[in-house]
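J.: The structure follows.
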Amino acid sequence: MNDTAWAWLFPGQGSQKVGMGRKMLERSSAARRVFEEASDAIGEDLKRLCLDGPFERLTATENAQPAIVTVSVACLVELEERGLKPSVVVGHSVGEFSALVAAGCMPLATAVRAVRKRGQLMASVTTPGGMLAVMGLDGVRLAELCHDAAREGVVVMAIHNSPKQFVLSGDRSVLERFKDVALSAGATECVMLDVSHAFHSPLMGQVEEVWKSVVAGLQLRMPRYPVLLNTTAKPVKTLVCIRRSLLTQITGPVLWSQCMQALVEQGVTRVLEVGDSKVVSSLARRTAPTLQTLTFLEPTVLGQLAHAC
């Protein structure tokens with residue numbers, strides 16, 4: 001990418017919305033083919049689901065995950081049609097599958113089948129749990145509070161979104177009590193998320209063995225671009241690294257903030273969010289304010305990229 005290092009960021013669950021992907025579908029035949037291929041792979045009309053919802057159905061974990069990956073790959077093909085390439089790719093949670101497609105590690109059909117199964121397994125967990133977003137506390141202090149709260153039940157730092165924005169995961173009753181503890185310790189805001197389970201926590205261990213067999217069966221190739229992994233914030237070195245990250249991610253944390261710090265250390269100066277979202281690029285800016293960000297939500301994004309790259 002000439003003299004400027006670009007990272008492509010792929011959003012994860014929580015970025016879904018009714019109408020997502022509409023612009024890509026209207027302007028690109030390649031994007032329409034992506035939707036057709038993904039729909040055929042899982043036997044679901046993803047175009048109708050993304051454009052028409054309803055929201056409750058789109059938000060269901062088993063539907064949201066393949067929908068998000070499909071929209072990201074629809075954006076990806078528009079970039080590839082124009083010969084645009086990244087210096088490095090990274091995806092947030094399920095967005096890691098989109099990043100692996102971008103890097104040539106797996107085809108789209110494999111990715112959407114895998115994330116459909118991932119979503120079904122995650123939704124099938126019978127152990128109750130929840131997730132709590134905590135803003136305003138640094139990671140060291142929050143880790144101390146979690147350690148103390150863990151005497152009452154499961155509570156872990158599940159998602160490191162930025163230096164002062166984290167998502168905790170665990171027993172819902174423990175998280176409800178934790179809100180007052182965190183606010184007393186200096187948190188600016190604590191919000192229980194509208195999710196059905198304690199994702200990225202040990203409470204998802206119920207489906208770990210089945211998911212392990214799914215991951216073991218994935219046919220993977222080494223990436224053509226560097227891929228930073230959620231669970232390590234380090235680039236892929238071997239195919240074993242990829243499988244380990246995809247497996248560990250079910251019960252372990254998403255180290256998004258650490259990934260963004262790693263990008264800066266590698267000399268990345270600009271990031272593009274590849275999807276119908278501005279969530280992860282915004283988080284990137286909170287971690288590294290020097291990063292210049294661009295999203296597919298901007299009307300002239302493709303023209304800007306053509307001139308910048």
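Residue numbering restarts at 1 for every chain of the structure tokens, chains are lettered A, B, ... in their displayed order, and ligands are numbered from 1 as they appear.
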Which residues are close to segment 152-157 of chain A, i.e. within 10 Å by only C-alpha atoms, leaving aside same-chain residues fewer than 6 positions away? Reply as JSON, numbers by chain.

T.: {"A": [129, 130, 131, 132, 133, 134, 139, 142, 143, 145, 146, 166, 167, 168, 169, 170, 171, 172, 173, 174, 175, 178, 198, 200, 201, 202, 203, 252, 253, 254, 255]}

J.: Which residues of segment 51-126 of chain A have any atom within 12 Å of an atom in segment 240-248 of chain A when counting only C-alpha atoms, and what is the closest pair of atoms for each, with the distance in Å to one decimal? Order the rows by chain and rising number and write it as a tab-separated table.

T.:
residue	atom	partner	partner_atom	distance
A:Gly91	CA	A:Leu246	CA	11.5
A:His92	CA	A:Leu246	CA	11.7
A:Ser93	CA	A:Leu246	CA	9.0
A:Val94	CA	A:Leu246	CA	9.0
A:Gly95	CA	A:Leu246	CA	10.9
A:Glu96	CA	A:Leu246	CA	8.2
A:Phe97	CA	A:Leu246	CA	8.6
A:Ala99	CA	A:Ile242	CA	11.3
A:Leu100	CA	A:Ile242	CA	8.9
A:Ala103	CA	A:Ile242	CA	12.0
A:Cys105	CA	A:Ile242	CA	9.1
A:Met106	CA	A:Ile242	CA	10.9
A:Ala111	CA	A:Leu246	CA	11.5
A:Ala114	CA	A:Leu246	CA	10.4
A:Val115	CA	A:Leu246	CA	10.4
A:Arg118	CA	A:Leu246	CA	10.0

J.: Write the residues you've just listed into a file as a tab-separated table (two decimals), in the first residue's frame, and include N, CA, C and O atoms for each of them.

T.:
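The resulting out27.tsv:
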chain	number	residue	atom	x	y	z
A	91	GLY	N	-10.09	-9.14	13.03
A	91	GLY	CA	-11.54	-9.12	13.20
A	91	GLY	C	-11.93	-9.26	14.66
A	91	GLY	O	-11.26	-9.94	15.43
A	92	HIS	N	-13.01	-8.60	15.04
A	92	HIS	CA	-13.48	-8.57	16.42
A	92	HIS	C	-14.41	-9.76	16.66
A	92	HIS	O	-15.48	-9.86	16.08
A	93	SER	N	-13.98	-10.70	17.51
A	93	SER	CA	-14.76	-11.88	17.85
A	93	SER	C	-15.13	-12.67	16.60
A	93	SER	O	-14.25	-13.15	15.88
A	94	VAL	N	-16.43	-12.78	16.25
A	94	VAL	CA	-16.79	-13.53	15.05
A	94	VAL	C	-16.21	-12.87	13.80
A	94	VAL	O	-16.02	-13.51	12.76
A	95	GLY	N	-15.87	-11.58	13.89
A	95	GLY	CA	-15.22	-10.90	12.78
A	95	GLY	C	-13.87	-11.49	12.41
A	95	GLY	O	-13.35	-11.23	11.32
A	96	GLU	N	-13.32	-12.30	13.31
A	96	GLU	CA	-12.06	-12.98	12.99
A	96	GLU	C	-12.23	-13.91	11.79
A	96	GLU	O	-11.30	-14.10	11.00
A	97	PHE	N	-13.42	-14.47	11.63
A	97	PHE	CA	-13.68	-15.31	10.46
A	97	PHE	C	-13.65	-14.47	9.19
A	97	PHE	O	-13.14	-14.91	8.16
A	99	ALA	N	-11.91	-11.79	8.75
A	99	ALA	CA	-10.50	-11.48	8.53
A	99	ALA	C	-9.77	-12.66	7.90
A	99	ALA	O	-8.91	-12.49	7.02
A	100	LEU	N	-10.12	-13.87	8.32
A	100	LEU	CA	-9.47	-15.07	7.77
A	100	LEU	C	-9.88	-15.28	6.32
A	100	LEU	O	-9.07	-15.74	5.50
A	103	ALA	N	-7.84	-12.85	4.29
A	103	ALA	CA	-6.43	-13.26	4.18
A	103	ALA	C	-6.25	-14.54	3.38
A	103	ALA	O	-5.12	-15.01	3.21
A	105	CYS	N	-7.37	-17.55	4.17
A	105	CYS	CA	-7.21	-18.75	5.01
A	105	CYS	C	-8.36	-19.73	4.83
A	105	CYS	O	-8.18	-20.94	5.04
A	106	MET	N	-9.54	-19.22	4.48
A	106	MET	CA	-10.69	-20.09	4.24
A	106	MET	C	-11.64	-19.41	3.28
A	106	MET	O	-11.69	-18.17	3.24
A	111	ALA	N	-16.53	-20.33	6.00
A	111	ALA	CA	-16.66	-19.39	7.12
A	111	ALA	C	-18.11	-19.28	7.59
A	111	ALA	O	-18.38	-19.33	8.80
A	114	ALA	N	-19.28	-22.37	9.37
A	114	ALA	CA	-18.66	-22.47	10.69
A	114	ALA	C	-19.32	-21.52	11.69
A	114	ALA	O	-19.60	-21.90	12.83
A	115	VAL	N	-19.57	-20.28	11.27
A	115	VAL	CA	-20.13	-19.33	12.23
A	115	VAL	C	-21.61	-19.60	12.49
A	115	VAL	O	-22.12	-19.28	13.57
A	118	ARG	N	-21.26	-22.15	15.07
A	118	ARG	CA	-20.77	-21.46	16.28
A	118	ARG	C	-21.93	-20.77	16.99
A	118	ARG	O	-22.09	-20.87	18.20

J.: Please identify all polymer residues within 10 Å of Val112 of chain A, counting only C-alpha atoms, omitting same-chain residues fewer than 6 positions from it, and present them as a PyMOL selection string.

T.: chain A and resi 37-39+41-42+65-70+97-98+118

J.: Identify which of the residues A:Val89, A:Ala150, A:Leu283, A:Met24 lies closest to Val301 of chain A, counting only C-alpha atoms when measuring atom-to-atom distances.

T.: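 Nearest to Val301 of chain A: A:Met24.
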
J.: Nearest to Arg221 of chain A: which of A:Gly104, A:Gly205, A:Ala109, A:Thr188 is it, counting only C-alpha atoms?

T.: A:Gly104

J.: Which residues are close to Met122 of chain A, i.e. within 9 Å by only C-alpha atoms, leaving aside same-chain residues fewer than 4 positions away? Reply as a PyMOL selection string.

T.: chain A and resi 61-62+117-118+197+199+204+207+250

J.: May I have all residues of segment 96-167 of chain A that DSSP, computed from the backbone, assigns to alpha helix (DSSP H), given as a ChimeraX atom specification?

T.: /A:96-102,108-124,139-149

J.: Selection from above, C-alpha atoms, as an mmCIF file, in the first residue's frame, can you write it?

T.:
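Contents of again.cif, as written:
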data_model
loop_
_atom_site.group_PDB
_atom_site.id
_atom_site.type_symbol
_atom_site.label_atom_id
_atom_site.label_comp_id
_atom_site.auth_asym_id
_atom_site.auth_seq_id
_atom_site.Cartn_x
_atom_site.Cartn_y
_atom_site.Cartn_z
ATOM 1 C CA GLU A 96 -12.060 -12.978 12.986
ATOM 2 C CA PHE A 97 -13.684 -15.312 10.463
ATOM 3 C CA SER A 98 -14.155 -12.378 8.075
ATOM 4 C CA ALA A 99 -10.496 -11.476 8.528
ATOM 5 C CA LEU A 100 -9.475 -15.068 7.774
ATOM 6 C CA VAL A 101 -11.539 -14.991 4.565
ATOM 7 C CA ALA A 102 -9.850 -11.719 3.603
ATOM 8 C CA LEU A 108 -16.591 -17.716 2.359
ATOM 9 C CA ALA A 109 -18.768 -20.853 2.332
ATOM 10 C CA THR A 110 -16.570 -22.512 4.951
ATOM 11 C CA ALA A 111 -16.661 -19.394 7.119
ATOM 12 C CA VAL A 112 -20.443 -18.916 7.108
ATOM 13 C CA ARG A 113 -21.093 -22.605 7.776
ATOM 14 C CA ALA A 114 -18.664 -22.470 10.691
ATOM 15 C CA VAL A 115 -20.130 -19.331 12.228
ATOM 16 C CA ARG A 116 -23.693 -20.599 11.793
ATOM 17 C CA LYS A 117 -22.658 -23.666 13.810
ATOM 18 C CA ARG A 118 -20.773 -21.461 16.279
ATOM 19 C CA GLY A 119 -23.871 -19.345 16.797
ATOM 20 C CA GLN A 120 -26.113 -22.380 17.211
ATOM 21 C CA LEU A 121 -23.775 -23.874 19.794
ATOM 22 C CA MET A 122 -23.448 -20.626 21.727
ATOM 23 C CA ALA A 123 -27.237 -20.196 21.752
ATOM 24 C CA SER A 124 -27.694 -23.770 22.985
ATOM 25 C CA GLY A 139 -7.750 -2.715 33.079
ATOM 26 C CA VAL A 140 -5.568 -3.216 36.158
ATOM 27 C CA ARG A 141 -8.167 -1.827 38.569
ATOM 28 C CA LEU A 142 -10.993 -3.689 36.868
ATOM 29 C CA ALA A 143 -9.049 -6.958 37.044
ATOM 30 C CA GLU A 144 -8.635 -6.453 40.792
ATOM 31 C CA LEU A 145 -12.373 -5.905 41.240
ATOM 32 C CA CYS A 146 -13.164 -8.976 39.125
ATOM 33 C CA HIS A 147 -10.777 -11.067 41.226
ATOM 34 C CA ASP A 148 -12.629 -10.051 44.381
ATOM 35 C CA ALA A 149 -16.081 -10.551 42.836
#

J.: Report the residues of segment 117-198 of chain A whose backbone DSSP state falls under strand (DSSP E), written as a list in words.

T.: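 The residues of segment 117-198 of chain A classed as strand (DSSP E) are Gly130, Met131, Leu132, Ala133, Val134, Met135, Val155, Val156, Met157, Ala158, Ile159, His160, Asn161, Ser162, Gln165, Phe166, Val167, Leu168, Ser169, Gly170, Glu189, Cys190, Val191 and Met192 of chain A.
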
J.: Fewer than 5 positions away in the same chain doesn't count, so skip those; otherwise give me all residues within 8 Å of Arg270 of chain A, counting only C-alpha atoms, as a list of chain:residue names.

T.: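 Those residues are A:Thr4, A:Ala5, A:Trp6, A:Ala7, A:Leu291, A:Gln292, A:Thr293, A:Leu294.
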
J.: Output the selection as a compact mmCIF listing (two decimals), in the first residue's frame - N, CA, C and O atoms for each residue.

T.:
# COMPACT_ATOMS: atom_id res chain seq x y z
N THR A 4 1.90 4.13 3.03
CA THR A 4 1.03 4.19 4.20
C THR A 4 0.52 2.79 4.53
O THR A 4 -0.03 2.12 3.67
N ALA A 5 0.71 2.38 5.77
CA ALA A 5 0.28 1.05 6.19
C ALA A 5 -1.18 1.08 6.63
O ALA A 5 -1.55 1.83 7.54
N TRP A 6 -1.99 0.28 5.98
CA TRP A 6 -3.42 0.17 6.28
C TRP A 6 -3.71 -1.13 6.98
O TRP A 6 -3.17 -2.18 6.63
N ALA A 7 -4.61 -1.09 7.96
CA ALA A 7 -5.19 -2.31 8.53
C ALA A 7 -6.66 -2.34 8.18
O ALA A 7 -7.33 -1.30 8.19
N LEU A 291 -4.51 6.99 15.07
CA LEU A 291 -4.98 6.24 13.90
C LEU A 291 -6.02 7.04 13.13
O LEU A 291 -6.96 7.59 13.71
N GLN A 292 -5.86 7.09 11.82
CA GLN A 292 -6.88 7.66 10.95
C GLN A 292 -7.85 6.54 10.57
O GLN A 292 -7.41 5.45 10.22
N THR A 293 -9.14 6.82 10.67
CA THR A 293 -10.13 5.77 10.44
C THR A 293 -11.04 6.10 9.28
O THR A 293 -11.35 7.26 9.01
N LEU A 294 -11.49 5.06 8.61
CA LEU A 294 -12.41 5.17 7.49
C LEU A 294 -13.37 3.99 7.58
O LEU A 294 -12.98 2.90 8.00

J.: Compile a residue-level contact table for segment 114-218 of chain A against segment 224-231 of chain A at a cut-off of 12 Å, reporting for every qualifying residue the shortest atom pair and its distance in Å to one decimal, with only C-alpha atoms counted, rows ordered by chain and ascending number, as CSV.

T.:
residue,atom,partner,partner_atom,distance
A:Ala158,CA,A:Thr231,CA,10.6
A:Ile159,CA,A:Asn230,CA,9.6
A:His160,CA,A:Asn230,CA,9.9
A:Asn161,CA,A:Asn230,CA,11.0
A:His200,CA,A:Thr231,CA,10.5

J.: Dump N, CA and C atoms for the selected residues as an mmCIF file, in the first residue's frame?

T.:
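Written out: result26.cif:
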data_model
loop_
_atom_site.group_PDB
_atom_site.id
_atom_site.type_symbol
_atom_site.label_atom_id
_atom_site.label_comp_id
_atom_site.auth_asym_id
_atom_site.auth_seq_id
_atom_site.Cartn_x
_atom_site.Cartn_y
_atom_site.Cartn_z
ATOM 1 N N ALA A 158 -14.182 -10.204 29.578
ATOM 2 C CA ALA A 158 -14.399 -10.984 28.357
ATOM 3 C C ALA A 158 -13.933 -10.268 27.101
ATOM 4 N N ILE A 159 -14.104 -8.946 27.056
ATOM 5 C CA ILE A 159 -13.756 -8.179 25.858
ATOM 6 C C ILE A 159 -13.023 -6.911 26.268
ATOM 7 N N HIS A 160 -11.789 -6.766 25.787
ATOM 8 C CA HIS A 160 -10.978 -5.576 26.040
ATOM 9 C C HIS A 160 -11.155 -4.650 24.834
ATOM 10 N N ASN A 161 -12.168 -3.795 24.881
ATOM 11 C CA ASN A 161 -12.486 -2.974 23.711
ATOM 12 C C ASN A 161 -11.543 -1.793 23.540
ATOM 13 N N HIS A 200 -17.741 -15.563 25.705
ATOM 14 C CA HIS A 200 -16.314 -15.380 25.992
ATOM 15 C C HIS A 200 -16.012 -15.567 27.485
#
